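J.: Below you will find the structure I want to go over with you.
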Amino acid sequence: MSVLDAPVGAAPGRAANENLVPVFVRLKLTLLRNGLRQSAGRRAAYIASVVVTLLFAAGQLIGLIALRGNAHTGSLVVLLAAVLAVGWAVMPLFFPSGDETLDPSRLVMLPLRPRPLISALLASSLVGIGPLFTLCLTAGSVFAVARGAAGAVFAVVAAPLALLVCVALARAVATANTRLLTSRKGRDLAVLSGLVIAVGFQVVNFGAQRLGRAGGLSALDPVADVVRWLPPASAIGAVDSASRGSYGPALAQLLLSVAALVALLWLWQRSLVKLMTTPDGSTLAAAGPGHEKARKGGSGLAALLPQGRTGTVMERSLRYIARDPKTKAAWVTALAIGLIVPILNALQGTGSVYFACFAAWMLGIQMYNQFGQDTSAFWMVALTISSTRDAYLELRARALALLLITLPYTIVVTVVTAALLDDWAALPEVMGLSFALLGGMLATGAVASANFPYSIPQEGAFKNVAPGQAGLAWISIFGGMVSAGLLCAPAIAATIWLHVADHEQWLWLLLPVGAVYGALISWAGLRVAAPRTADRLPEILAAVSKG
Amino acid sequence: MAGIDLELPAGRFIGLVGPNGAGKTTTLSMVTGLLRPDQGKVEVAGHDVWRDPVEVKSRIGVLPEGLRLFERLSGRELLAYTGRLRGLPGAEVDKRATQLLDVLGLAGAQHKLVVDYSTGMRKKIGLAAALLHNPEVLFLDEPFEGVDPVSAQTIREVLERYTRSGATVVFSSHVMELVESLCDWVAVMAAGRIRAQGTLAQVRGEAPSLQNAFLELVGAGSRATDDSLDWLGGKR
């Protein structure tokens with residue numbers, strides 16, 4: 001049964017359809033309350049997030065009110081509304097399973113008609129922290145620009161209208177993409193969202209610094225002139241226009257937002273009906289004949305890798321970096337941040353060529369918790385390790401797979417940083433230090449993998465440690481990083497000594513010495529980790545199977 | 001677990017049966033070296049599992065329940081990975097993998113990632129991985145759980161052919177009809193203990209079927225449902 005062929009005459013169905021809005025709002029509140037009842041931790045987290053959100057919203061509100069009267073406030077508020085709308089549109093793609101009342105698959109069996117259903121869903125979507133935060137922002141925005149009676153009238157309409165457009169936009173996007181989001185590919189996408197946020201933060205940071213230098217808010221005006229005609233920013237723009245006395249454009253802008261709301265609701269309803277009345281095609285596709293694409297990735301590479309366990313393990317590790325969303329996210333984040341930090345600092349003239357060591361360090365972290373990255377599939381490895389030699393080969397192959405990416409990457413980042421700072425003289429010593437640091441990270445990473453394994457939950461972008469193992473993860477990573485620093489102390493001390501004692505003509509020696517030293521400590525680390533791994537197979541399996 | 005004393009004959013099709021939570025998975029994990037027992041001794045083909053892992057691990061094949069596979073590999077890649085980790089030469093792995101994929105009906109999906117496989121397909125690829133190095137003893141934890149009848153029949157045929165060659169299969173299940181039709185030797189577990197072990201006839205005893213014998217052994221008589229639920233199926 002579905003929304004379309006629901007029994008029309010049945011009394012319970014009709015009664016339900018008439019009073020759907022309060023039912024759904026109550027349902028949403030109940031789900032919220034029951035969710036909080038589950039654990040004190042969840043309650044604390046929720047209350048904390050409410051407080052933080054409200055403080056943030058209050059801060060924005062005060063900021064916007066303070067901006068009242070500034071010449072560029074109009075530009076700022078429409079851009080703010082646009083950013084808000086983008087946030088609402090993107091959010092459901094990354095956090096698909098946020099809201100149970102809104103999950104259409106749970107409503108399929110109920111005799112509900114589309115139109116009352118949409119109103120009820122929209123109403124229940126308005127309950128929550130997100131909408132509250134958005135309302136604070138839109139209210140602050142209209143207050144910042146509204147002047148005179150006309151401005152006030154437009155403001156009263158515009159603030160809730162902008163919120164409704166945002167919410168309808170989020171629901172329309174989510175519903176249209178439900179099939180994608182509930183499929184494996186969609187869940188993979190959600191896991192990568194952490195990456196978007198990490199890299200996005202760096203970009204925003206960079207952009208804000210550029211803006212600060214470019215002469216403040218007036219730089220926003222050209223962009224704002226376009227954005228003020230795009231819903232939902234046009235609703236806020238309408239208040240600005242009305243306050244300036246241009247009532248025609250104000251009305252047009254407001255109507256644009258209303259039209260957008262109607263269109264979004266129509267789209268939402270259409271995809272909802274389609275979703276609830278047609279069979280899910282995603283499993284049909286999965287049952288069809290396999291595609292050949294999966295084969296291509298590694299077979300060329302496999303021929304170049306050594307035979308035996310070494311090549312086999314390297315190949316699988318490399319395939320996982322390319323295919324496993326969690327591993328891929330960790331790697332891409334490390335690669336991006338490892339590049340961004342030294343190079344952005346160099347570009348801004350605040351950097352030092354020694355920042356290039358950061359890349360080696362960032363990538364070295366990937367050696368930590370090797371077996372946790374396998375999840376419970378580690379049993380397949382455990383069943384084939386029957387001696388210390390097997391364990392050594394396994395760990396060495398994983399380190400080699402890592403080096404295959406890390407080594408050229410470290411060289412490139414170091415060379416690029418030196419080129420940007422035009423400090424070629426320091427290149428050999430920095431490269432040598434990077435190699436030593438990389439060796440230290442590989443050594444301590446292998447030892448930490450054997451001694452402090454922990455589970456990595458496969459769902460969700462922000463959970464990288466299973467509940468109850470956070471302490472273990474901290475010991476593993478921070479203890480390991482401090483140890484890696486200590487292991488590199490001789491190389492660092494040699495660098496300092498050569499500088500202080502004015503033997504700078506010998507600094508190039510640090511390149512070969514650092515490389516050899518790094519290789520030696522990696523080897524020693526693998527040697528220490530191998531017997532521990534071979535002895536602790538069942539314990540490691542138990543530790544990594546909690547995700 | 002409260003002490004398991006179990007001696008399984010070689011070259012047989014052995015069923016380990018028991019209700020949910022009886023300790024079947026725990027037992028199989030300890031026997032295969034995936035879980036360390038607090039005390040006691042486990043021997044497979046005359047070799048101690050914990051003292052002599054080199055001898056044991058090369059002789060056994062395992063299909064655990066509730067543990068993942070390397071699911072971001074395709075079916076064929078998973079078999080190549082397992083076979084080469086087991087030390088088989090590449091060409092031999094390729095040959096065996098092709099045959100196993102063929103027999104198990106996975107040839108069409110061999111280049112698809114295991115993460116996109118159905119439950120039955122996962123069990124079959126897991127079984128192929130466990131058989132690839134031609135082990136002497138095969139341990140299968142719930143190999144028929146969630147498997148459709150067609151796949152179940154395929155798995156069954158492969159296992160029967162395998163035991164005819166003199167190899168031993170130990171599998172756990174709570175489906176008595178299946179155990180009765182497949183196995184010639186049965187061990188019954190409940191609440192972490194072995195309640196009975198022996199040939200199918202010995203364990204069944206006087207009871208009309210293994211199901212009846214099993215219910216009696218684990219102490220679960222049929223509950224009287226006459227008084228309660230009297231509205232169910234009544235006047236609507």
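Just so we're on the same page: first chain in the structure tokens is A, next is B, and so on; residues restart at 1 for each chain, and ligands are numbered from 1 in the order they show up.
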What lies within 8 Å of range 46-59 of chain B using only C-alpha atoms, ignoring chain neighbours under 5 positions off, as a PyMOL selection string?

T.: (chain A and resi 383-384+386-387) or (chain B and resi 31-33+41+86+135-137)

J.: Select from range 212-264 of chain A everything DSSP, run on the backbone, classes as alpha helix (DSSP H), then give the selection as a PyMOL selection string.

T.: chain A and resi 212-213+221-227+233-243+247-264

J.: Considering only strand (DSSP E or B) as DSSP defines it on the backbone, what residues of range 24-213 of chain B qualify? List them as a PyMOL selection string.

T.: chain B and resi 43-44+47-48+60-63+74+113+137-141+168-173+185-190+193-199

J.: Selection from above, C-alpha atoms, as a CSV table (one decimal), in the first residue's frame, can you write it?

T.:
chain,number,residue,atom,x,y,z
B,43,GLU,CA,44.7,-30.3,19.4
B,44,VAL,CA,43.9,-30.4,15.7
B,47,HIS,CA,49.1,-30.7,16.9
B,48,ASP,CA,48.5,-28.2,19.8
B,60,ILE,CA,42.7,-25.8,8.8
B,61,GLY,CA,40.2,-23.7,6.9
B,62,VAL,CA,37.8,-21.4,8.7
B,63,LEU,CA,34.6,-19.6,8.0
B,74,SER,CA,36.4,-8.1,-5.3
B,113,LEU,CA,33.3,-5.8,-4.4
B,137,VAL,CA,39.9,-29.8,8.5
B,138,LEU,CA,37.3,-27.3,7.8
B,139,PHE,CA,35.6,-25.3,10.6
B,140,LEU,CA,32.3,-23.5,9.5
B,141,ASP,CA,30.3,-21.4,11.9
B,168,THR,CA,36.9,-33.5,8.1
B,169,VAL,CA,34.1,-30.8,8.3
B,170,VAL,CA,33.0,-29.3,11.6
B,171,PHE,CA,30.1,-27.0,11.3
B,172,SER,CA,27.8,-25.3,13.8
B,173,SER,CA,24.1,-24.8,13.3
B,185,TRP,CA,28.6,-37.3,13.9
B,186,VAL,CA,26.9,-34.8,16.3
B,187,ALA,CA,27.8,-32.9,19.4
B,188,VAL,CA,25.1,-31.1,21.3
B,189,MET,CA,26.0,-27.9,23.3
B,190,ALA,CA,23.9,-25.9,25.8
B,193,ARG,CA,28.7,-27.4,28.1
B,194,ILE,CA,28.6,-30.5,25.9
B,195,ARG,CA,25.4,-32.3,26.6
B,196,ALA,CA,25.9,-35.3,24.2
B,197,GLN,CA,28.3,-36.4,21.5
B,198,GLY,CA,28.5,-39.4,19.2
B,199,THR,CA,27.2,-40.7,16.0

J.: Smallest atom-to-atom distance to chain A: which of B:Val115, B:Val103, B:Leu215, B:Ala207, using only C-alpha atoms?

T.: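 Nearest candidate to chain A out of B:Val115, B:Val103, B:Leu215, B:Ala207: B:Val115.
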
J.: I'd like the neighbourhood of Ile456 in chain A as a short mmCIF file (atom, residue, chain, number, x, y, z; two decimals) with N, CA and C atoms, in the first residue's frame, where a residue qualifies if any of its atoms comes within 7 Å (using only C-alpha atoms), though same-chain residues fewer than 2 positions away should be ignored.

T.:
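around31.cif, written as the output of this step:
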data_model
loop_
_atom_site.label_atom_id
_atom_site.label_comp_id
_atom_site.auth_asym_id
_atom_site.auth_seq_id
_atom_site.Cartn_x
_atom_site.Cartn_y
_atom_site.Cartn_z
N GLY A 372 43.64 -2.16 13.35
CA GLY A 372 42.32 -1.56 13.53
C GLY A 372 41.73 -1.18 12.18
N GLN A 373 42.58 -0.80 11.23
CA GLN A 373 42.10 -0.44 9.89
C GLN A 373 41.53 -1.66 9.16
N THR A 375 39.61 -3.83 10.57
CA THR A 375 38.39 -4.23 11.29
C THR A 375 38.46 -5.72 11.61
N TYR A 454 42.97 -0.73 18.39
CA TYR A 454 41.60 -0.37 18.76
C TYR A 454 40.73 -0.38 17.51
N GLN A 458 32.95 1.69 11.34
CA GLN A 458 32.92 1.88 9.89
C GLN A 458 31.89 2.90 9.45
N ASN A 464 36.16 7.74 15.05
CA ASN A 464 37.34 7.00 14.64
C ASN A 464 37.82 6.05 15.71
N VAL A 465 37.09 6.04 16.83
CA VAL A 465 37.43 5.13 17.91
C VAL A 465 36.12 4.52 18.43
N ALA A 466 36.13 3.20 18.70
CA ALA A 466 34.94 2.57 19.24
C ALA A 466 34.75 3.02 20.69
N GLY A 547 34.08 -2.48 16.34
CA GLY A 547 33.47 -1.42 15.53
C GLY A 547 32.21 -1.85 14.83
#

J.: Select from chain B every residue with an atom at most 8 Å from any atom of chain A, then for each give the shortest pair of atoms and their distance in Å to one decimal, using only C-alpha atoms, rows by chain and rising number, as a Markdown table.

T.:
| residue | atom | partner | partner_atom | distance |
| --- | --- | --- | --- | --- |
| B:Gly33 | CA | A:Pro538 | CA | 7.1 |
| B:Leu34 | CA | A:Pro538 | CA | 5.0 |
| B:Leu35 | CA | A:Pro538 | CA | 5.0 |
| B:Arg36 | CA | A:Pro538 | CA | 6.1 |
| B:Pro53 | CA | A:Ser386 | CA | 5.2 |
| B:Val54 | CA | A:Ser386 | CA | 4.9 |
| B:Lys57 | CA | A:Leu383 | CA | 6.2 |
| B:Ser58 | CA | A:Thr384 | CA | 7.7 |
| B:Leu67 | CA | A:Ser376 | CA | 5.3 |
| B:Arg68 | CA | A:Ala377 | CA | 4.6 |
| B:Leu69 | CA | A:Ala377 | CA | 4.7 |
| B:Phe70 | CA | A:Ala377 | CA | 5.6 |
| B:Arg72 | CA | A:Asp324 | CA | 6.2 |
| B:Leu73 | CA | A:Arg319 | CA | 7.6 |
| B:Ser74 | CA | A:Ala294 | CA | 6.8 |
| B:Tyr81 | CA | A:Thr312 | CA | 6.1 |
| B:Thr82 | CA | A:Met380 | CA | 7.5 |
| B:Arg84 | CA | A:Gly308 | CA | 6.4 |
| B:Leu85 | CA | A:Arg309 | CA | 5.5 |
| B:Arg86 | CA | A:Thr384 | CA | 6.2 |
| B:Gly87 | CA | A:Gly308 | CA | 6.7 |
| B:Gly108 | CA | A:Pro289 | CA | 5.6 |
| B:Ala109 | CA | A:Gly290 | CA | 4.8 |
| B:Gln110 | CA | A:Gly290 | CA | 7.0 |
| B:His111 | CA | A:Ala294 | CA | 5.8 |
| B:Lys112 | CA | A:Gly290 | CA | 5.2 |
| B:Leu113 | CA | A:Ala294 | CA | 7.2 |
| B:Asp116 | CA | A:Ala286 | CA | 6.6 |
| B:Tyr117 | CA | A:Ala286 | CA | 7.7 |

J.: For the selection just defined, write its residues with N, CA and C atoms to a file, as a tab-separated table (two decimals), in the first residue's frame.

T.:
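See out34.tsv below for the written result:
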chain	number	residue	atom	x	y	z
B	33	GLY	N	42.03	-20.92	16.98
B	33	GLY	CA	43.10	-20.01	17.35
B	33	GLY	C	42.72	-18.55	17.27
B	34	LEU	N	41.44	-18.25	17.15
B	34	LEU	CA	41.02	-16.86	17.08
B	34	LEU	C	40.65	-16.29	18.44
B	35	LEU	N	40.53	-17.18	19.45
B	35	LEU	CA	40.19	-16.73	20.81
B	35	LEU	C	41.02	-17.59	21.77
B	36	ARG	N	41.70	-16.91	22.72
B	36	ARG	CA	42.59	-17.65	23.61
B	36	ARG	C	41.79	-18.19	24.80
B	53	PRO	N	51.39	-23.42	16.17
B	53	PRO	CA	50.47	-22.81	15.20
B	53	PRO	C	50.88	-23.06	13.74
B	54	VAL	N	52.19	-23.24	13.48
B	54	VAL	CA	52.62	-23.44	12.09
B	54	VAL	C	51.94	-24.68	11.50
B	57	LYS	N	47.74	-24.09	11.59
B	57	LYS	CA	47.12	-23.08	10.72
B	57	LYS	C	47.18	-23.46	9.24
B	58	SER	N	48.21	-24.25	8.86
B	58	SER	CA	48.26	-24.65	7.45
B	58	SER	C	47.28	-25.78	7.16
B	67	LEU	N	32.29	-12.09	11.76
B	67	LEU	CA	33.51	-11.34	11.48
B	67	LEU	C	33.47	-10.95	10.01
B	68	ARG	N	34.05	-9.79	9.71
B	68	ARG	CA	34.03	-9.32	8.33
B	68	ARG	C	35.03	-10.05	7.47
B	69	LEU	N	34.89	-9.85	6.16
B	69	LEU	CA	35.95	-10.24	5.22
B	69	LEU	C	36.62	-8.94	4.79
B	70	PHE	N	37.66	-9.03	3.97
B	70	PHE	CA	38.19	-7.80	3.38
B	70	PHE	C	37.25	-7.42	2.25
B	72	ARG	N	36.36	-4.73	0.69
B	72	ARG	CA	36.64	-3.79	-0.39
B	72	ARG	C	37.50	-4.42	-1.47
B	73	LEU	N	37.65	-5.73	-1.41
B	73	LEU	CA	38.26	-6.44	-2.52
B	73	LEU	C	37.13	-7.09	-3.30
B	74	SER	N	37.36	-7.37	-4.58
B	74	SER	CA	36.36	-8.13	-5.32
B	74	SER	C	36.49	-9.60	-4.91
B	81	TYR	N	44.19	-12.90	-2.68
B	81	TYR	CA	44.85	-12.42	-1.45
B	81	TYR	C	45.02	-13.56	-0.46
B	82	THR	N	43.92	-14.29	-0.18
B	82	THR	CA	43.97	-15.37	0.79
B	82	THR	C	44.94	-16.46	0.35
B	84	ARG	N	47.50	-16.35	-1.71
B	84	ARG	CA	48.90	-15.97	-1.70
B	84	ARG	C	49.42	-15.79	-0.28
B	85	LEU	N	48.55	-15.33	0.64
B	85	LEU	CA	48.96	-15.26	2.05
B	85	LEU	C	49.24	-16.65	2.59
B	86	ARG	N	48.49	-17.63	2.06
B	86	ARG	CA	48.69	-19.02	2.47
B	86	ARG	C	49.93	-19.62	1.83
B	87	GLY	N	50.60	-18.85	0.97
B	87	GLY	CA	51.85	-19.32	0.38
B	87	GLY	C	51.69	-20.12	-0.89
B	108	GLY	N	29.93	-14.89	-12.20
B	108	GLY	CA	29.37	-13.64	-12.74
B	108	GLY	C	29.64	-12.44	-11.87
B	109	ALA	N	29.88	-12.67	-10.57
B	109	ALA	CA	30.07	-11.55	-9.64
B	109	ALA	C	31.51	-11.47	-9.15
B	110	GLN	N	32.43	-12.15	-9.86
B	110	GLN	CA	33.79	-12.23	-9.33
B	110	GLN	C	34.52	-10.90	-9.29
B	111	HIS	N	34.12	-9.94	-10.14
B	111	HIS	CA	34.82	-8.66	-10.16
B	111	HIS	C	34.06	-7.59	-9.38
B	112	LYS	N	33.00	-8.01	-8.70
B	112	LYS	CA	32.24	-7.07	-7.89
B	112	LYS	C	32.83	-7.07	-6.47
B	113	LEU	N	32.80	-5.90	-5.79
B	113	LEU	CA	33.33	-5.84	-4.44
B	113	LEU	C	32.47	-6.70	-3.51
B	116	ASP	N	29.33	-5.45	-1.78
B	116	ASP	CA	28.05	-5.42	-2.49
B	116	ASP	C	27.43	-6.81	-2.64
B	117	TYR	N	28.04	-7.84	-2.06
B	117	TYR	CA	27.49	-9.20	-2.14
B	117	TYR	C	26.30	-9.37	-1.20

J.: By how many Å are CA of Met481 in chain A and CA of Leu438 in chain A apart?

T.: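 These atoms are spaced 10.9 Å apart.
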